[in-house]
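target_15.txt follows; it contains compact mmCIF, N, CA and C atoms.
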# COMPACT_ATOMS: atom_id res chain seq x y z
N MET K 111 -95.05 -3.13 -5.96
CA MET K 111 -94.54 -3.42 -7.26
C MET K 111 -94.80 -4.92 -7.54
N TYR K 112 -95.25 -5.21 -8.74
CA TYR K 112 -95.53 -6.59 -9.13
C TYR K 112 -94.58 -7.04 -10.24
N ARG K 113 -94.44 -8.33 -10.33
CA ARG K 113 -93.60 -8.89 -11.40
C ARG K 113 -94.35 -10.02 -12.08
N TYR K 114 -94.34 -10.00 -13.39
CA TYR K 114 -94.95 -11.03 -14.22
C TYR K 114 -94.22 -12.35 -14.01
N ASN K 115 -94.93 -13.45 -14.03
CA ASN K 115 -94.33 -14.76 -13.78
C ASN K 115 -93.56 -15.27 -14.98
N GLU K 116 -92.29 -15.00 -14.97
CA GLU K 116 -91.37 -15.58 -15.95
C GLU K 116 -90.26 -16.32 -15.21
N PHE K 117 -90.59 -16.75 -14.00
CA PHE K 117 -89.61 -17.39 -13.12
C PHE K 117 -88.93 -18.57 -13.78
N ALA K 118 -89.69 -19.42 -14.45
CA ALA K 118 -89.09 -20.62 -15.06
C ALA K 118 -87.99 -20.22 -16.05
N ARG K 119 -88.19 -19.14 -16.78
CA ARG K 119 -87.19 -18.70 -17.74
C ARG K 119 -85.88 -18.34 -17.05
N THR K 120 -85.96 -17.82 -15.83
CA THR K 120 -84.75 -17.45 -15.12
C THR K 120 -83.96 -18.66 -14.64
N LEU K 121 -84.56 -19.83 -14.68
CA LEU K 121 -83.89 -21.05 -14.22
C LEU K 121 -82.98 -21.66 -15.28
N GLY K 122 -83.08 -21.21 -16.50
CA GLY K 122 -82.19 -21.72 -17.54
C GLY K 122 -82.93 -22.16 -18.78
N ILE K 123 -82.16 -22.44 -19.79
CA ILE K 123 -82.71 -22.71 -21.12
C ILE K 123 -83.66 -23.91 -21.16
N LEU K 124 -83.45 -24.92 -20.33
CA LEU K 124 -84.32 -26.08 -20.35
C LEU K 124 -85.69 -25.81 -19.76
N ALA K 125 -85.84 -24.73 -19.01
CA ALA K 125 -87.13 -24.41 -18.38
C ALA K 125 -87.86 -23.26 -19.07
N THR K 126 -87.32 -22.74 -20.15
CA THR K 126 -87.88 -21.51 -20.74
C THR K 126 -89.33 -21.64 -21.15
N ASN K 127 -89.79 -22.79 -21.56
CA ASN K 127 -91.17 -22.91 -22.03
C ASN K 127 -92.15 -23.29 -20.90
N LEU K 128 -91.73 -23.19 -19.65
CA LEU K 128 -92.60 -23.53 -18.52
C LEU K 128 -93.18 -22.31 -17.83
N SER K 129 -92.84 -21.11 -18.29
CA SER K 129 -93.36 -19.87 -17.72
C SER K 129 -94.64 -19.46 -18.43
N LEU K 130 -95.11 -18.28 -18.10
CA LEU K 130 -96.23 -17.71 -18.83
C LEU K 130 -95.78 -17.09 -20.14
N GLY K 131 -94.49 -16.88 -20.30
CA GLY K 131 -93.99 -16.25 -21.51
C GLY K 131 -93.93 -17.16 -22.72
N GLY K 132 -94.25 -18.43 -22.55
CA GLY K 132 -94.20 -19.36 -23.67
C GLY K 132 -92.78 -19.73 -24.02
N ASP K 133 -92.57 -20.05 -25.27
CA ASP K 133 -91.24 -20.43 -25.77
C ASP K 133 -90.47 -19.15 -26.07
N TYR K 134 -89.69 -18.74 -25.11
CA TYR K 134 -88.96 -17.48 -25.20
C TYR K 134 -87.91 -17.50 -26.31
N ILE K 135 -87.27 -18.64 -26.50
CA ILE K 135 -86.21 -18.76 -27.50
C ILE K 135 -86.76 -18.60 -28.91
N ASN K 136 -87.85 -19.29 -29.21
CA ASN K 136 -88.44 -19.25 -30.56
C ASN K 136 -89.54 -18.22 -30.71
N GLN K 137 -89.77 -17.40 -29.66
CA GLN K 137 -90.76 -16.33 -29.68
C GLN K 137 -92.17 -16.85 -30.00
N ILE K 138 -92.56 -17.95 -29.36
CA ILE K 138 -93.90 -18.51 -29.53
C ILE K 138 -94.66 -18.27 -28.23
N PRO K 139 -95.72 -17.45 -28.27
CA PRO K 139 -96.45 -17.15 -27.03
C PRO K 139 -97.18 -18.38 -26.48
N LEU K 140 -97.43 -18.36 -25.20
CA LEU K 140 -98.17 -19.43 -24.54
C LEU K 140 -99.66 -19.15 -24.66
N PRO K 141 -100.43 -20.06 -25.27
CA PRO K 141 -101.88 -19.84 -25.34
C PRO K 141 -102.51 -20.06 -23.96
N GLU K 142 -103.70 -19.56 -23.76
CA GLU K 142 -104.39 -19.76 -22.48
C GLU K 142 -104.45 -21.23 -22.10
N SER K 143 -104.69 -22.08 -23.09
CA SER K 143 -104.80 -23.52 -22.83
C SER K 143 -103.47 -24.13 -22.39
N GLY K 144 -102.38 -23.38 -22.50
CA GLY K 144 -101.06 -23.86 -22.08
C GLY K 144 -100.87 -23.88 -20.57
N VAL K 145 -101.76 -23.23 -19.83
CA VAL K 145 -101.71 -23.26 -18.37
C VAL K 145 -102.65 -24.38 -17.92
N LYS K 146 -102.07 -25.45 -17.40
CA LYS K 146 -102.85 -26.65 -17.07
C LYS K 146 -103.86 -26.43 -15.95
N VAL K 147 -103.47 -25.68 -14.90
CA VAL K 147 -104.37 -25.45 -13.75
C VAL K 147 -104.32 -23.95 -13.42
N PRO K 148 -105.13 -23.14 -14.12
CA PRO K 148 -105.07 -21.68 -13.94
C PRO K 148 -105.28 -21.22 -12.50
N ARG K 149 -106.09 -21.91 -11.72
CA ARG K 149 -106.34 -21.49 -10.33
C ARG K 149 -105.12 -21.71 -9.44
N GLU K 150 -104.11 -22.44 -9.92
CA GLU K 150 -102.92 -22.72 -9.12
C GLU K 150 -101.65 -22.11 -9.69
N MET K 151 -101.74 -21.39 -10.83
CA MET K 151 -100.53 -20.80 -11.40
C MET K 151 -100.49 -19.30 -11.17
N ILE K 152 -99.37 -18.84 -10.63
CA ILE K 152 -99.17 -17.42 -10.37
C ILE K 152 -99.01 -16.69 -11.70
N ALA K 153 -99.78 -15.61 -11.87
CA ALA K 153 -99.63 -14.76 -13.04
C ALA K 153 -98.71 -13.58 -12.70
N PHE K 154 -98.97 -12.93 -11.56
CA PHE K 154 -98.18 -11.81 -11.07
C PHE K 154 -97.93 -12.01 -9.59
N SER K 155 -96.76 -11.59 -9.15
CA SER K 155 -96.43 -11.67 -7.74
C SER K 155 -95.81 -10.36 -7.31
N GLU K 156 -96.12 -9.92 -6.10
CA GLU K 156 -95.45 -8.73 -5.59
C GLU K 156 -93.97 -9.03 -5.39
N TYR K 157 -93.18 -8.00 -5.56
CA TYR K 157 -91.75 -8.11 -5.26
C TYR K 157 -91.58 -8.22 -3.75
N VAL K 158 -90.52 -8.85 -3.36
CA VAL K 158 -90.00 -8.71 -2.00
C VAL K 158 -88.63 -8.09 -2.17
N PHE K 159 -88.18 -7.40 -1.16
CA PHE K 159 -86.92 -6.68 -1.27
C PHE K 159 -85.93 -7.16 -0.24
N PHE K 160 -84.67 -7.09 -0.61
CA PHE K 160 -83.61 -7.38 0.33
C PHE K 160 -82.56 -6.30 0.21
N ARG K 161 -81.78 -6.14 1.26
CA ARG K 161 -80.73 -5.12 1.25
C ARG K 161 -79.56 -5.64 0.43
N ALA K 162 -79.15 -4.86 -0.53
CA ALA K 162 -78.01 -5.23 -1.35
C ALA K 162 -76.76 -4.59 -0.78
N PRO K 163 -75.69 -5.35 -0.60
CA PRO K 163 -74.42 -4.75 -0.19
C PRO K 163 -73.96 -3.75 -1.25
N ALA K 164 -73.18 -2.82 -0.86
CA ALA K 164 -72.74 -1.77 -1.79
C ALA K 164 -72.13 -2.35 -3.06
N ALA K 165 -71.36 -3.41 -2.95
CA ALA K 165 -70.69 -3.98 -4.12
C ALA K 165 -71.68 -4.56 -5.13
N ASN K 166 -72.85 -4.99 -4.67
CA ASN K 166 -73.83 -5.62 -5.56
C ASN K 166 -75.00 -4.71 -5.88
N SER K 167 -74.97 -3.50 -5.43
CA SER K 167 -76.10 -2.60 -5.57
C SER K 167 -76.11 -1.90 -6.92
N PRO K 168 -77.29 -1.78 -7.53
CA PRO K 168 -77.40 -1.03 -8.78
C PRO K 168 -77.40 0.48 -8.55
N GLN K 169 -77.34 0.92 -7.29
CA GLN K 169 -77.45 2.33 -6.97
C GLN K 169 -76.07 2.98 -6.79
N ASN K 170 -75.29 2.98 -7.84
CA ASN K 170 -73.99 3.63 -7.85
C ASN K 170 -73.08 3.19 -6.71
N GLY K 171 -73.07 1.91 -6.42
CA GLY K 171 -72.17 1.39 -5.41
C GLY K 171 -72.57 1.66 -3.98
N LYS K 172 -73.78 2.19 -3.76
CA LYS K 172 -74.27 2.44 -2.40
C LYS K 172 -75.21 1.31 -2.00
N PRO K 173 -75.24 0.97 -0.71
CA PRO K 173 -76.19 -0.06 -0.28
C PRO K 173 -77.61 0.39 -0.62
N GLY K 174 -78.45 -0.55 -0.99
CA GLY K 174 -79.82 -0.21 -1.35
C GLY K 174 -80.71 -1.43 -1.32
N LEU K 175 -81.92 -1.27 -1.80
CA LEU K 175 -82.88 -2.36 -1.86
C LEU K 175 -82.94 -2.93 -3.27
N VAL K 176 -83.04 -4.23 -3.35
CA VAL K 176 -83.14 -4.92 -4.63
C VAL K 176 -84.37 -5.80 -4.58
N GLY K 177 -85.16 -5.80 -5.64
CA GLY K 177 -86.34 -6.66 -5.71
C GLY K 177 -86.04 -7.89 -6.54
N ASP K 178 -86.62 -8.99 -6.16
CA ASP K 178 -86.40 -10.23 -6.89
C ASP K 178 -87.54 -11.16 -6.58
N TYR K 179 -87.57 -12.29 -7.28
CA TYR K 179 -88.54 -13.30 -6.89
C TYR K 179 -88.21 -13.73 -5.48
N PRO K 180 -89.21 -13.94 -4.66
CA PRO K 180 -88.93 -14.44 -3.32
C PRO K 180 -88.37 -15.85 -3.40
N ARG K 181 -87.34 -16.10 -2.65
CA ARG K 181 -86.72 -17.42 -2.74
C ARG K 181 -86.43 -18.05 -1.39
N THR K 182 -86.09 -17.25 -0.39
CA THR K 182 -85.59 -17.84 0.85
C THR K 182 -86.46 -17.59 2.07
N GLY K 183 -87.27 -16.55 2.04
CA GLY K 183 -88.00 -16.16 3.23
C GLY K 183 -87.17 -15.29 4.15
N LYS K 184 -85.92 -15.02 3.80
CA LYS K 184 -85.04 -14.19 4.62
C LYS K 184 -84.91 -12.78 4.05
N GLU K 185 -85.69 -12.47 3.03
CA GLU K 185 -85.64 -11.13 2.45
C GLU K 185 -86.05 -10.11 3.51
N ASP K 186 -85.56 -8.90 3.37
CA ASP K 186 -85.75 -7.88 4.39
C ASP K 186 -87.14 -7.25 4.41
N PHE K 187 -87.76 -7.08 3.27
CA PHE K 187 -89.02 -6.35 3.21
C PHE K 187 -90.08 -7.08 2.39
N TYR K 188 -91.12 -7.50 3.06
CA TYR K 188 -92.32 -8.03 2.39
C TYR K 188 -93.36 -6.92 2.46
N PRO K 189 -94.13 -6.69 1.41
CA PRO K 189 -94.98 -5.51 1.35
C PRO K 189 -96.17 -5.49 2.31
N HIS K 190 -96.63 -6.63 2.79
CA HIS K 190 -97.85 -6.65 3.61
C HIS K 190 -97.67 -7.46 4.88
N ASN K 191 -97.09 -6.84 5.89
CA ASN K 191 -96.97 -7.47 7.20
C ASN K 191 -96.41 -8.89 7.10
N ARG K 192 -95.22 -9.01 6.57
CA ARG K 192 -94.53 -10.30 6.40
C ARG K 192 -95.26 -11.21 5.42
N GLY K 193 -95.92 -10.61 4.44
CA GLY K 193 -96.60 -11.37 3.41
C GLY K 193 -96.63 -10.61 2.11
N MET K 194 -97.28 -11.18 1.12
CA MET K 194 -97.35 -10.55 -0.20
C MET K 194 -98.60 -11.04 -0.90
N ASN K 195 -99.04 -10.30 -1.91
CA ASN K 195 -100.19 -10.69 -2.71
C ASN K 195 -99.71 -11.33 -4.01
N GLN K 196 -100.47 -12.32 -4.44
CA GLN K 196 -100.18 -12.96 -5.72
C GLN K 196 -101.49 -13.09 -6.50
N ALA K 197 -101.44 -12.74 -7.77
CA ALA K 197 -102.59 -12.89 -8.66
C ALA K 197 -102.39 -14.15 -9.48
N PHE K 198 -103.44 -14.93 -9.59
CA PHE K 198 -103.36 -16.21 -10.30
C PHE K 198 -104.02 -16.11 -11.66
N CYS K 199 -103.75 -17.09 -12.51
CA CYS K 199 -104.22 -17.07 -13.89
C CYS K 199 -105.74 -17.16 -14.02
N ASP K 200 -106.44 -17.59 -12.99
CA ASP K 200 -107.91 -17.60 -13.04
C ASP K 200 -108.48 -16.29 -12.52
N SER K 201 -107.65 -15.33 -12.18
CA SER K 201 -107.96 -13.96 -11.75
C SER K 201 -108.22 -13.80 -10.25
N HIS K 202 -108.04 -14.83 -9.42
CA HIS K 202 -108.17 -14.62 -7.99
C HIS K 202 -106.82 -14.17 -7.42
N VAL K 203 -106.86 -13.57 -6.24
CA VAL K 203 -105.67 -13.06 -5.57
C VAL K 203 -105.58 -13.72 -4.20
N GLU K 204 -104.37 -14.06 -3.79
CA GLU K 204 -104.13 -14.64 -2.46
C GLU K 204 -103.03 -13.86 -1.75
N ARG K 205 -103.18 -13.76 -0.44
CA ARG K 205 -102.09 -13.25 0.38
C ARG K 205 -101.30 -14.48 0.83
N VAL K 206 -100.01 -14.44 0.61
CA VAL K 206 -99.13 -15.54 0.98
C VAL K 206 -98.16 -15.02 2.02
N THR K 207 -98.02 -15.74 3.12
CA THR K 207 -97.08 -15.29 4.15
C THR K 207 -95.65 -15.59 3.73
N GLN K 208 -94.73 -14.90 4.36
CA GLN K 208 -93.31 -15.12 4.10
C GLN K 208 -92.96 -16.59 4.35
N LYS K 209 -93.46 -17.15 5.42
CA LYS K 209 -93.17 -18.54 5.75
C LYS K 209 -93.73 -19.50 4.71
N GLN K 210 -94.97 -19.27 4.26
CA GLN K 210 -95.56 -20.13 3.23
C GLN K 210 -94.74 -20.07 1.95
N PHE K 211 -94.38 -18.85 1.56
CA PHE K 211 -93.71 -18.72 0.28
C PHE K 211 -92.30 -19.27 0.28
N ALA K 212 -91.64 -19.22 1.41
CA ALA K 212 -90.28 -19.75 1.49
C ALA K 212 -90.28 -21.27 1.58
N SER K 213 -91.44 -21.84 1.78
CA SER K 213 -91.57 -23.30 1.85
C SER K 213 -91.08 -23.92 0.55
N LYS K 214 -90.41 -25.03 0.65
CA LYS K 214 -89.92 -25.72 -0.54
C LYS K 214 -90.87 -26.87 -0.90
N SER K 215 -92.12 -26.75 -0.49
CA SER K 215 -93.10 -27.80 -0.76
C SER K 215 -93.43 -27.85 -2.25
N ASP K 216 -93.85 -29.01 -2.70
CA ASP K 216 -94.27 -29.15 -4.09
C ASP K 216 -95.47 -28.26 -4.39
N GLU K 217 -96.35 -28.07 -3.41
CA GLU K 217 -97.52 -27.21 -3.59
C GLU K 217 -97.10 -25.79 -3.98
N ILE K 218 -96.09 -25.27 -3.31
CA ILE K 218 -95.60 -23.92 -3.62
C ILE K 218 -94.80 -23.92 -4.92
N ARG K 219 -93.96 -24.88 -5.12
CA ARG K 219 -93.12 -24.94 -6.33
C ARG K 219 -93.95 -25.00 -7.61
N ARG K 220 -95.00 -25.80 -7.63
CA ARG K 220 -95.76 -25.99 -8.87
C ARG K 220 -96.50 -24.73 -9.31
N ARG K 221 -96.69 -23.79 -8.40
CA ARG K 221 -97.40 -22.55 -8.75
C ARG K 221 -96.66 -21.70 -9.78
N TRP K 222 -95.38 -21.93 -9.94
CA TRP K 222 -94.58 -21.13 -10.88
C TRP K 222 -94.55 -21.71 -12.28
N PHE K 223 -95.02 -22.91 -12.50
CA PHE K 223 -94.85 -23.60 -13.79
C PHE K 223 -96.19 -23.88 -14.47
N ASN K 224 -96.26 -23.66 -15.78
CA ASN K 224 -97.53 -23.80 -16.50
C ASN K 224 -98.03 -25.23 -16.62
N ASP K 225 -97.20 -26.22 -16.35
CA ASP K 225 -97.65 -27.62 -16.40
C ASP K 225 -98.06 -28.14 -15.03
N ASN K 226 -98.03 -27.27 -14.00
CA ASN K 226 -98.45 -27.59 -12.64
C ASN K 226 -97.64 -28.73 -12.02
N LYS K 227 -96.37 -28.81 -12.38
CA LYS K 227 -95.45 -29.78 -11.78
C LYS K 227 -94.41 -29.01 -10.99
N PRO K 228 -93.87 -29.59 -9.92
CA PRO K 228 -92.93 -28.85 -9.07
C PRO K 228 -91.54 -28.64 -9.66
N HIS K 229 -91.14 -29.42 -10.62
CA HIS K 229 -89.84 -29.30 -11.29
C HIS K 229 -88.68 -29.10 -10.32
N ARG K 230 -88.49 -30.06 -9.44
CA ARG K 230 -87.38 -30.02 -8.49
C ARG K 230 -86.02 -29.94 -9.20
N GLU K 231 -85.96 -30.46 -10.43
CA GLU K 231 -84.70 -30.46 -11.16
C GLU K 231 -84.21 -29.04 -11.52
N PHE K 232 -85.12 -28.06 -11.53
CA PHE K 232 -84.75 -26.70 -11.90
C PHE K 232 -84.66 -25.77 -10.71
N TRP K 233 -85.26 -26.15 -9.60
CA TRP K 233 -85.40 -25.21 -8.48
C TRP K 233 -84.05 -24.88 -7.87
N PRO K 234 -83.75 -23.59 -7.73
CA PRO K 234 -82.44 -23.21 -7.17
C PRO K 234 -82.32 -23.53 -5.69
Any chance you could put this one into structure tokens?
Amino acid sequence: MYRYNEFARTLGILATNLSLGGDYINQIPLPESGVKVPREMIAFSEYVFFRAPAANSPQNGKPGLVGDYPRTGKEDFYPHNRGMNQAFCDSHVERVTQKQFASKSDEIRRRWFNDNKPHREFWP
């Protein structure tokens, strides 16, 4: 399962125009030229899954799996041998290991934002 890169929007109102979705509040799409470094910006990323406790599970209160943007590297299920595939805006695909993706390096952080900056001020 893949997810479109709207990660910046999930960080809050000040980051909404840093995703691929453009200006979500004013409904202004992001033009292709809005991605500063297409070879370094994630367009789609595979989900990673973690076990949700029964109280937080969308499956009628039963423990289950929940997909989300990878954030910690401690998620329970990565789709490809402790890694995942990511498609970039220039159309190439990379396999990223769990360890690489959980890295809090600026190199990894900037991949989520259309201006190719790490935006430490927004990162959870």
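Distance-wise, atom N of Asn136 of chain K and atom N of Asn224 of chain K end up 16.4 Å apart.
By only C-alpha atoms, and with residues fewer than 5 positions from Phe154 of chain K along its chain excluded, the set lying at most 12 Å from it is Met111, Tyr112, Arg113, Tyr114, Asn115, Glu116, Phe117, Ser129, Leu130, Tyr179, Met194, Asn195, Gln196, Ala197, Phe198, Cys199, Asp200, Ser201, His202, Val203, Glu204, Arg221 and Trp222 of chain K.
Near Gly144 of chain K, within a cut-off of 8 Å and counting only N, CA and C atoms, sit the residues Ser129, Leu130, Leu140, Pro141, Val147, Pro148, Phe223, Asn224, Asp225 and Asn226 of chain K, with same-chain residues fewer than 3 positions away left out.
Here atom CA of Ile135 of chain K is placed at a distance of 23.1 Å from atom CA of Arg219 of chain K.
Across the structure, atom CA of Tyr157 of chain K and atom CA of Ser143 of chain K are spaced 26.8 Å apart.
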